[in-house]
$ cat my_file.pdb   # PDB, C-alpha atoms
ATOM      1  CA  MET S   1      78.081-173.558  24.693
ATOM      2  CA  SER S   2      74.823-173.430  26.678
ATOM      3  CA  SER S   3      71.650-173.291  24.591
ATOM      4  CA  LEU S   4      68.746-171.621  26.394
ATOM      5  CA  ILE S   5      65.100-171.208  25.401
ATOM      6  CA  LEU S   6      63.421-167.890  26.264
ATOM      7  CA  GLY S   7      59.626-167.861  26.385
ATOM      8  CA  THR S   8      58.036-164.595  25.177
ATOM      9  CA  ALA S   9      54.339-164.228  24.215
ATOM     10  CA  THR S  10      51.992-164.087  21.215
ATOM     11  CA  PRO S  11      53.119-162.222  18.073
ATOM     12  CA  GLY S  12      52.083-158.574  17.947
ATOM     13  CA  GLY S  13      52.712-157.843  21.627
ATOM     14  CA  GLY S  14      55.621-156.205  23.399
ATOM     15  CA  PHE S  15      57.282-159.365  24.717
ATOM     16  CA  PRO S  16      58.314-160.871  21.350
ATOM     17  CA  VAL S  17      59.815-157.517  20.333
ATOM     18  CA  TYR S  18      61.735-157.280  23.600
ATOM     19  CA  GLY S  19      62.787-160.927  23.434
ATOM     20  CA  ALA S  20      64.256-160.461  19.956
ATOM     21  CA  ALA S  21      66.387-157.505  21.059
ATOM     22  CA  PHE S  22      67.410-159.183  24.315
ATOM     23  CA  THR S  23      68.569-162.402  22.669
ATOM     24  CA  GLU S  24      70.421-160.564  19.911
ATOM     25  CA  VAL S  25      72.427-158.550  22.426
ATOM     26  CA  ILE S  26      73.141-161.466  24.783
ATOM     27  CA  ASN S  27      74.207-163.746  21.946
ATOM     28  CA  ALA S  28      76.547-161.054  20.641
ATOM     29  CA  GLN S  29      78.052-160.376  24.060
ATOM     30  CA  GLU S  30      78.589-163.953  25.248
ATOM     31  CA  GLU S  31      79.813-166.665  22.893
ATOM     32  CA  ARG S  32      79.255-169.348  25.526
ATOM     33  CA  LEU S  33      75.505-168.718  25.497
ATOM     34  CA  ARG S  34      73.033-169.192  22.668
ATOM     35  CA  ILE S  35      69.496-168.022  23.439
ATOM     36  CA  GLU S  36      66.541-168.794  21.200
ATOM     37  CA  THR S  37      63.081-167.288  21.628
ATOM     38  CA  ARG S  38      59.827-169.225  21.670
ATOM     39  CA  ASN S  39      56.384-167.677  21.258
ATOM     40  CA  THR S  40      54.038-168.663  24.078
ATOM     41  CA  LYS S  41      50.685-167.457  25.364
ATOM     42  CA  GLY S  42      52.495-165.000  27.611
ATOM     43  CA  SER S  43      53.154-164.690  31.329
ATOM     44  CA  ALA S  44      50.380-167.076  32.395
ATOM     45  CA  GLU S  45      51.990-169.872  30.385
ATOM     46  CA  ASN S  46      55.610-168.881  30.948
ATOM     47  CA  VAL S  47      55.388-169.276  34.729
ATOM     48  CA  PRO S  48      54.225-172.938  34.776
ATOM     49  CA  LEU S  49      56.577-173.792  31.887
ATOM     50  CA  LEU S  50      59.481-172.364  33.872
ATOM     51  CA  GLU S  51      58.404-174.174  37.020
ATOM     52  CA  ALA S  52      58.286-177.430  35.043
ATOM     53  CA  GLY S  53      61.697-176.780  33.504
ATOM     54  CA  GLN S  54      60.237-176.659  29.992
ATOM     55  CA  LEU S  55      61.648-173.162  29.474
ATOM     56  CA  ASP S  56      65.070-172.018  30.622
ATOM     57  CA  LEU S  57      64.110-168.357  30.741
ATOM     58  CA  GLY S  58      60.774-166.565  30.518
ATOM     59  CA  LEU S  59      59.446-163.029  30.279
ATOM     60  CA  VAL S  60      56.879-162.376  33.010
ATOM     61  CA  ALA S  61      54.779-159.211  33.293
ATOM     62  CA  GLY S  62      54.281-157.290  36.504
ATOM     63  CA  GLU S  63      51.068-158.741  37.922
ATOM     64  CA  TYR S  64      52.201-162.321  37.377
ATOM     65  CA  ALA S  65      55.737-161.534  38.503
ATOM     66  CA  SER S  66      54.457-159.985  41.731
ATOM     67  CA  ALA S  67      52.349-163.078  42.422
ATOM     68  CA  VAL S  68      55.341-165.362  41.796
ATOM     69  CA  MET S  69      57.654-163.369  44.044
ATOM     70  CA  ALA S  70      55.061-163.193  46.821
ATOM     71  CA  LYS S  71      55.150-166.980  47.222
ATOM     72  CA  PRO S  72      57.592-167.865  50.012
ATOM     73  CA  ASP S  73      58.358-171.219  48.366
ATOM     74  CA  THR S  74      58.843-170.037  44.761
ATOM     75  CA  ARG S  75      61.858-171.563  43.065
ATOM     76  CA  LEU S  76      61.908-169.180  40.102
ATOM     77  CA  ARG S  77      64.701-166.639  40.195
ATOM     78  CA  ILE S  78      65.255-163.199  38.655
ATOM     79  CA  VAL S  79      67.810-162.823  35.893
ATOM     80  CA  ALA S  80      66.941-159.227  34.991
ATOM     81  CA  ALA S  81      64.357-156.518  35.497
ATOM     82  CA  MET S  82      63.021-155.656  32.038
ATOM     83  CA  TYR S  83      61.130-152.387  32.338
ATOM     84  CA  SER S  84      58.402-150.689  34.313
ATOM     85  CA  SER S  85      55.028-150.644  32.596
ATOM     86  CA  PRO S  86      52.606-147.736  33.054
ATOM     87  CA  GLY S  87      49.171-149.006  32.062
ATOM     88  CA  LEU S  88      47.070-146.886  29.698
ATOM     89  CA  PHE S  89      43.957-146.971  27.575
ATOM     90  CA  VAL S  90      44.026-145.702  24.013
ATOM     91  CA  VAL S  91      40.975-144.415  22.125
ATOM     92  CA  ARG S  92      40.439-143.167  18.590
ATOM     93  CA  ALA S  93      41.063-139.496  17.894
ATOM     94  CA  ASP S  94      37.342-138.912  17.333
ATOM     95  CA  SER S  95      36.222-140.739  20.486
ATOM     96  CA  PRO S  96      34.054-138.798  22.960
ATOM     97  CA  VAL S  97      35.695-140.693  25.844
ATOM     98  CA  ASN S  98      38.040-138.540  27.949
ATOM     99  CA  SER S  99      38.353-140.512  31.182
ATOM    100  CA  VAL S 100      38.550-144.083  32.444
ATOM    101  CA  ALA S 101      35.047-143.677  33.880
ATOM    102  CA  GLY S 102      33.852-142.835  30.373
ATOM    103  CA  LEU S 103      34.562-146.441  29.355
ATOM    104  CA  ARG S 104      31.872-147.818  31.665
ATOM    105  CA  GLY S 105      29.672-150.277  29.770
ATOM    106  CA  LYS S 106      31.737-150.043  26.589
ATOM    107  CA  ALA S 107      33.685-152.734  24.721
ATOM    108  CA  VAL S 108      37.350-152.586  25.727
ATOM    109  CA  VAL S 109      40.210-154.729  24.398
ATOM    110  CA  LEU S 110      42.173-155.830  27.480
ATOM    111  CA  GLY S 111      44.784-157.982  25.717
ATOM    112  CA  THR S 112      45.503-161.674  25.343
ATOM    113  CA  GLN S 113      44.341-164.399  27.709
ATOM    114  CA  GLY S 114      47.749-165.195  29.185
ATOM    115  CA  SER S 115      49.140-161.674  29.396
ATOM    116  CA  GLY S 116      50.087-159.982  32.642
ATOM    117  CA  ILE S 117      49.106-156.694  31.008
ATOM    118  CA  THR S 118      45.544-158.013  30.721
ATOM    119  CA  VAL S 119      45.568-158.802  34.444
ATOM    120  CA  LEU S 120      46.782-155.268  35.165
ATOM    121  CA  GLY S 121      43.913-153.829  33.127
ATOM    122  CA  ARG S 122      41.353-155.882  35.031
ATOM    123  CA  THR S 123      42.946-154.798  38.315
ATOM    124  CA  VAL S 124      42.708-151.115  37.376
ATOM    125  CA  LEU S 125      39.067-151.363  36.325
ATOM    126  CA  ASP S 126      38.048-153.516  39.298
ATOM    127  CA  SER S 127      39.789-151.166  41.737
ATOM    128  CA  LEU S 128      37.797-148.248  40.336
ATOM    129  CA  GLY S 129      34.516-150.189  40.201
ATOM    130  CA  ILE S 130      34.210-149.622  36.453
ATOM    131  CA  GLN S 131      32.572-152.424  34.518
ATOM    132  CA  VAL S 132      33.267-152.726  30.811
ATOM    133  CA  ASN S 133      32.546-155.338  28.171
ATOM    134  CA  PRO S 134      35.993-156.945  28.098
ATOM    135  CA  ILE S 135      37.461-158.308  24.882
ATOM    136  CA  VAL S 136      40.227-160.884  25.353
ATOM    137  CA  LEU S 137      42.287-161.794  22.303
ATOM    138  CA  GLU S 138      44.016-164.850  20.947
ATOM    139  CA  LYS S 139      46.694-162.668  19.340
ATOM    140  CA  ALA S 140      47.741-159.208  20.481
ATOM    141  CA  ALA S 141      47.953-158.011  16.870
ATOM    142  CA  ASP S 142      44.167-158.405  16.533
ATOM    143  CA  GLY S 143      43.536-155.500  18.920
ATOM    144  CA  PRO S 144      44.268-152.335  16.884
ATOM    145  CA  PRO S 145      41.900-153.202  13.997
ATOM    146  CA  MET S 146      39.059-153.670  16.505
ATOM    147  CA  LEU S 147      39.573-150.154  17.819
ATOM    148  CA  LEU S 148      39.950-148.613  14.372
ATOM    149  CA  ASP S 149      36.799-150.215  12.934
ATOM    150  CA  GLY S 150      34.654-149.423  15.969
ATOM    151  CA  ARG S 151      34.244-152.888  17.452
ATOM    152  CA  ALA S 152      35.960-151.589  20.590
ATOM    153  CA  ALA S 153      35.844-148.191  22.287
ATOM    154  CA  ALA S 154      39.330-148.522  23.766
ATOM    155  CA  LEU S 155      42.374-150.738  23.934
ATOM    156  CA  TRP S 156      44.474-151.343  27.045
ATOM    157  CA  GLY S 157      48.233-151.728  27.035
ATOM    158  CA  ALA S 158      51.332-150.769  28.951
ATOM    159  CA  GLY S 159      54.828-149.396  28.695
ATOM    160  CA  VAL S 160      57.099-147.834  26.124
ATOM    161  CA  GLY S 161      57.336-149.501  22.724
ATOM    162  CA  TRP S 162      54.008-151.341  22.943
ATOM    163  CA  PRO S 163      53.418-152.277  19.262
ATOM    164  CA  ALA S 164      49.658-151.692  19.348
ATOM    165  CA  PHE S 165      50.141-148.256  20.897
ATOM    166  CA  THR S 166      52.709-147.325  18.262
ATOM    167  CA  ALA S 167      50.399-148.339  15.422
ATOM    168  CA  LEU S 168      47.391-146.534  16.885
ATOM    169  CA  ALA S 169      49.286-143.375  17.874
ATOM    170  CA  LYS S 170      50.318-142.938  14.244
ATOM    171  CA  SER S 171      46.612-142.705  13.381
ATOM    172  CA  GLY S 172      46.093-139.900  15.910
ATOM    173  CA  ALA S 173      44.717-142.046  18.736
ATOM    174  CA  ARG S 174      44.649-140.534  22.254
ATOM    175  CA  PHE S 175      45.848-141.978  25.563
ATOM    176  CA  ILE S 176      43.729-142.100  28.703
ATOM    177  CA  ALA S 177      45.127-142.822  32.162
ATOM    178  CA  PRO S 178      43.638-142.864  35.663
ATOM    179  CA  SER S 179      43.386-139.463  37.350
ATOM    180  CA  SER S 180      45.590-138.647  40.353
ATOM    181  CA  SER S 181      42.801-139.557  42.771
ATOM    182  CA  GLU S 182      42.134-142.786  40.858
ATOM    183  CA  ILE S 183      45.848-143.644  40.962
ATOM    184  CA  GLU S 184      45.821-143.134  44.724
ATOM    185  CA  LEU S 185      42.819-145.459  45.097
ATOM    186  CA  ILE S 186      44.322-148.161  42.862
ATOM    187  CA  LEU S 187      47.614-148.128  44.780
ATOM    188  CA  LYS S 188      45.807-148.255  48.120
ATOM    189  CA  LYS S 189      43.950-151.385  47.035
ATOM    190  CA  ASN S 190      46.975-152.974  45.319
ATOM    191  CA  PRO S 191      50.209-152.453  47.294
ATOM    192  CA  ALA S 192      52.202-154.523  44.767
ATOM    193  CA  LEU S 193      51.638-151.845  42.138
ATOM    194  CA  ARG S 194      53.523-148.568  42.042
ATOM    195  CA  PRO S 195      53.125-145.139  40.450
ATOM    196  CA  VAL S 196      54.896-145.102  37.096
ATOM    197  CA  THR S 197      55.055-142.537  34.306
ATOM    198  CA  LEU S 198      55.111-142.866  30.540
ATOM    199  CA  PRO S 199      57.814-140.422  29.400
ATOM    200  CA  ALA S 200      56.863-137.643  26.996
ATOM    201  CA  LYS S 201      57.219-138.473  23.305
ATOM    202  CA  SER S 202      57.220-142.206  23.905
ATOM    203  CA  TYR S 203      54.700-142.444  21.068
ATOM    204  CA  PRO S 204      53.852-140.302  18.025
ATOM    205  CA  GLY S 205      51.832-137.251  19.054
ATOM    206  CA  GLN S 206      52.261-137.872  22.794
ATOM    207  CA  GLU S 207      53.925-134.628  23.829
ATOM    208  CA  ALA S 208      53.445-134.779  27.612
ATOM    209  CA  ALA S 209      54.405-137.382  30.197
ATOM    210  CA  ILE S 210      51.467-139.463  31.442
ATOM    211  CA  ALA S 211      51.224-140.617  35.063
ATOM    212  CA  SER S 212      49.634-144.010  35.739
ATOM    213  CA  VAL S 213      50.148-147.227  37.686
ATOM    214  CA  GLY S 214      52.100-150.347  36.851
ATOM    215  CA  SER S 215      54.877-152.663  37.918
ATOM    216  CA  TRP S 216      58.148-154.171  36.731
ATOM    217  CA  SER S 217      58.341-157.042  34.285
ATOM    218  CA  PHE S 218      61.158-159.543  34.714
ATOM    219  CA  VAL S 219      63.239-162.172  32.966
ATOM    220  CA  PHE S 220      62.890-165.230  35.204
ATOM    221  CA  ALA S 221      65.009-168.379  35.210
ATOM    222  CA  LYS S 222      63.842-171.942  35.774
ATOM    223  CA  PRO S 223      64.623-173.433  39.214
ATOM    224  CA  ASP S 224      67.729-175.385  38.206
ATOM    225  CA  LEU S 225      69.386-172.967  35.789
ATOM    226  CA  PRO S 226      73.104-173.440  36.565
ATOM    227  CA  GLU S 227      74.827-170.715  38.548
ATOM    228  CA  HIS S 228      77.401-170.232  35.805
ATOM    229  CA  ALA S 229      74.677-169.603  33.209
ATOM    230  CA  GLY S 230      73.103-166.962  35.453
ATOM    231  CA  TYR S 231      76.496-165.336  35.929
ATOM    232  CA  LEU S 232      77.175-165.217  32.180
ATOM    233  CA  LEU S 233      73.710-163.789  31.541
ATOM    234  CA  ALA S 234      74.158-161.028  34.125
ATOM    235  CA  ARG S 235      77.581-160.132  32.770
ATOM    236  CA  ALA S 236      76.322-160.056  29.175
ATOM    237  CA  ILE S 237      73.342-157.891  30.131
ATOM    238  CA  HIS S 238      75.588-155.467  32.011
ATOM    239  CA  ARG S 239      78.075-155.228  29.162
ATOM    240  CA  GLY S 240      75.295-154.883  26.590
ATOM    241  CA  GLU S 241      73.143-152.289  28.387
ATOM    242  CA  ALA S 242      74.004-149.455  26.000
ATOM    243  CA  GLU S 243      73.485-151.603  22.909
ATOM    244  CA  LEU S 244      70.164-152.909  24.221
ATOM    245  CA  ALA S 245      69.006-149.341  24.898
ATOM    246  CA  THR S 246      69.742-148.336  21.303
ATOM    247  CA  LYS S 247      67.843-151.317  19.904
ATOM    248  CA  LEU S 248      64.663-150.820  21.930
ATOM    249  CA  GLU S 249      63.374-147.746  23.757
ATOM    250  CA  GLN S 250      61.801-149.658  26.660
ATOM    251  CA  ALA S 251      64.963-151.709  27.140
ATOM    252  CA  ARG S 252      66.758-148.629  28.452
ATOM    253  CA  GLU S 253      65.521-149.727  31.870
ATOM    254  CA  THR S 254      67.123-153.171  31.522
ATOM    255  CA  THR S 255      70.188-152.641  33.686
ATOM    256  CA  MET S 256      71.730-154.707  36.438
ATOM    257  CA  ALA S 257      71.389-151.740  38.800
ATOM    258  CA  ASN S 258      67.629-151.647  38.130
ATOM    259  CA  THR S 259      67.510-155.420  38.553
ATOM    260  CA  LEU S 260      68.957-155.174  42.036
ATOM    261  CA  ALA S 261      66.659-152.276  42.939
ATOM    262  CA  ALA S 262      63.498-153.922  41.569
ATOM    263  CA  ALA S 263      63.984-157.287  43.300
ATOM    264  CA  PRO S 264      61.706-157.386  46.366
ATOM    265  CA  ARG S 265      64.217-159.572  48.206
ATOM    266  CA  PRO S 266      67.893-160.288  47.361
ATOM    267  CA  GLU S 267      67.350-164.037  47.600
ATOM    268  CA  LEU S 268      64.962-163.846  44.629
ATOM    269  CA  LEU S 269      67.914-162.999  42.397
ATOM    270  CA  HIS S 270      69.488-165.972  40.648
ATOM    271  CA  PRO S 271      72.672-167.081  42.492
ATOM    272  CA  GLY S 272      74.781-166.417  39.396
ATOM    273  CA  VAL S 273      73.308-162.931  39.113
ATOM    274  CA  ARG S 274      74.063-162.228  42.779
ATOM    275  CA  LYS S 275      77.630-163.394  42.245
ATOM    276  CA  TYR S 276      78.104-161.078  39.277
ATOM    277  CA  LEU S 277      76.512-158.096  41.038
ATOM    278  CA  ALA S 278      78.941-158.550  43.916
ATOM    279  CA  GLU S 279      81.951-158.847  41.613
ATOM    280  CA  ALA S 280      80.888-155.828  39.579
ATOM    281  CA  GLY S 281      80.342-153.747  42.730
ATOM    282  CA  ILE S 282      76.700-153.055  41.908
ATOM    283  CA  ARG S 283      74.882-152.227  45.155
TER     284      ARG S 283
END

$ encode --input "my_file.pdb" --output "structure tokens"
Amino acid sequence: MSSLILGTATPGGGFPVYGAAFTEVINAQEERLRIETRNTKGSAENVPLLEAGQLDLGLVAGEYASAVMAKPDTRLRIVAAMYSSPGLFVVRADSPVNSVAGLRGKAVVLGTQGSGITVLGRTVLDSLGIQVNPIVLEKAADGPPMLLDGRAAALWGAGVGWPAFTALAKSGARFIAPSSSEIELILKKNPALRPVTLPAKSYPGQEAAIASVGSWSFVFAKPDLPEHAGYLLARAIHRGEAELATKLEQARETTMANTLAAAPRPELLHPGVRKYLAEAGIR
């Protein structure tokens, strides 16, 4: 049996929730693998830990993942595409703010120090020339109370199943996304990003789909993860796609077909994953 360590992020964020569902499904599907999760500071820590071989697998959010994959000499390889992450701000129900521009000069929780979602938030604001008073957290779970008690005017997050969004939406909080013209400007300045949409009813009270910008998050493997381990992982993910989707809404996008489509270049896929994709006829 191969024991693998999967780096996630700080408690209270989306990565630990995803990591728990991912490992449960993989461990159930493949008896020759045993994955254990480890809380880290997020994408910013997972990348160097993977590069140093101190993690076997790591969850890496879009902005960090794009930077890794843009390096011609990167040795990290893709095991799976996790999900696309539309970035959004959330404000209290009684907030007078109705646009991203309305956050100018206000205190905004951007996320934790090592999170790729935090980087995405900075990118969105910088692209639009909107300066806020950024709040960076030690733990993602500290964010919602700051919005609810008025210490922050808004909180930034991304994707379906974001724990902070779920908690705040239950209190009647509202979502704010860039306008269509703002999305166009952000994408023009940041070609690595893409237009993505939060499906309707992803959160309590969110009846309509919300268009925004974002990118794919990935499960990366360390440089020397054996080919056979990558193959077993890909096979287990493929076989467990339906089960993973039932465990976690955002994990519906975790499929081997999406993994192939989201990889910027085929050679960035782990050799074992490429072998399985070929055998399974996924093109």

$ closest_residue --input "my_file.pdb" --among "S:Ile78, S:Leu233, S:Ile183, S:Leu55" --to "S:Leu128" --atoms "all atoms listed in the file"
S:Ile183

$ resolve_selection --input "my_file.pdb" --expression "the PyMOL selection byres ((chain S and resi 244) around 12)" --output "NGL selection string"
:S and (17-29 or 82 or 236-243 or 245-255)

$ resolve_selection --input "my_file.pdb" --expression "the PyMOL selection byres ((chain S and resi 198-210) around 6)" --output "PyMOL selection string"
chain S and resi 166+169-170+197+211

$ residues_around --input "my_file.pdb" --residues "stretch 147-150 of chain S" --least-positions-apart "5" --cutoff "9 Å" --atoms "all atoms listed in the file" --output "number ranges by chain"
S: 90-92, 108-109, 155, 168, 171

$ resolve_selection --input "my_file.pdb" --expression "the PyMOL selection byres ((chain S and resi 191) around 12)" --output "PyMOL selection string"
chain S and resi 63+66-67+70+123+127+183-190+192-195+213-215
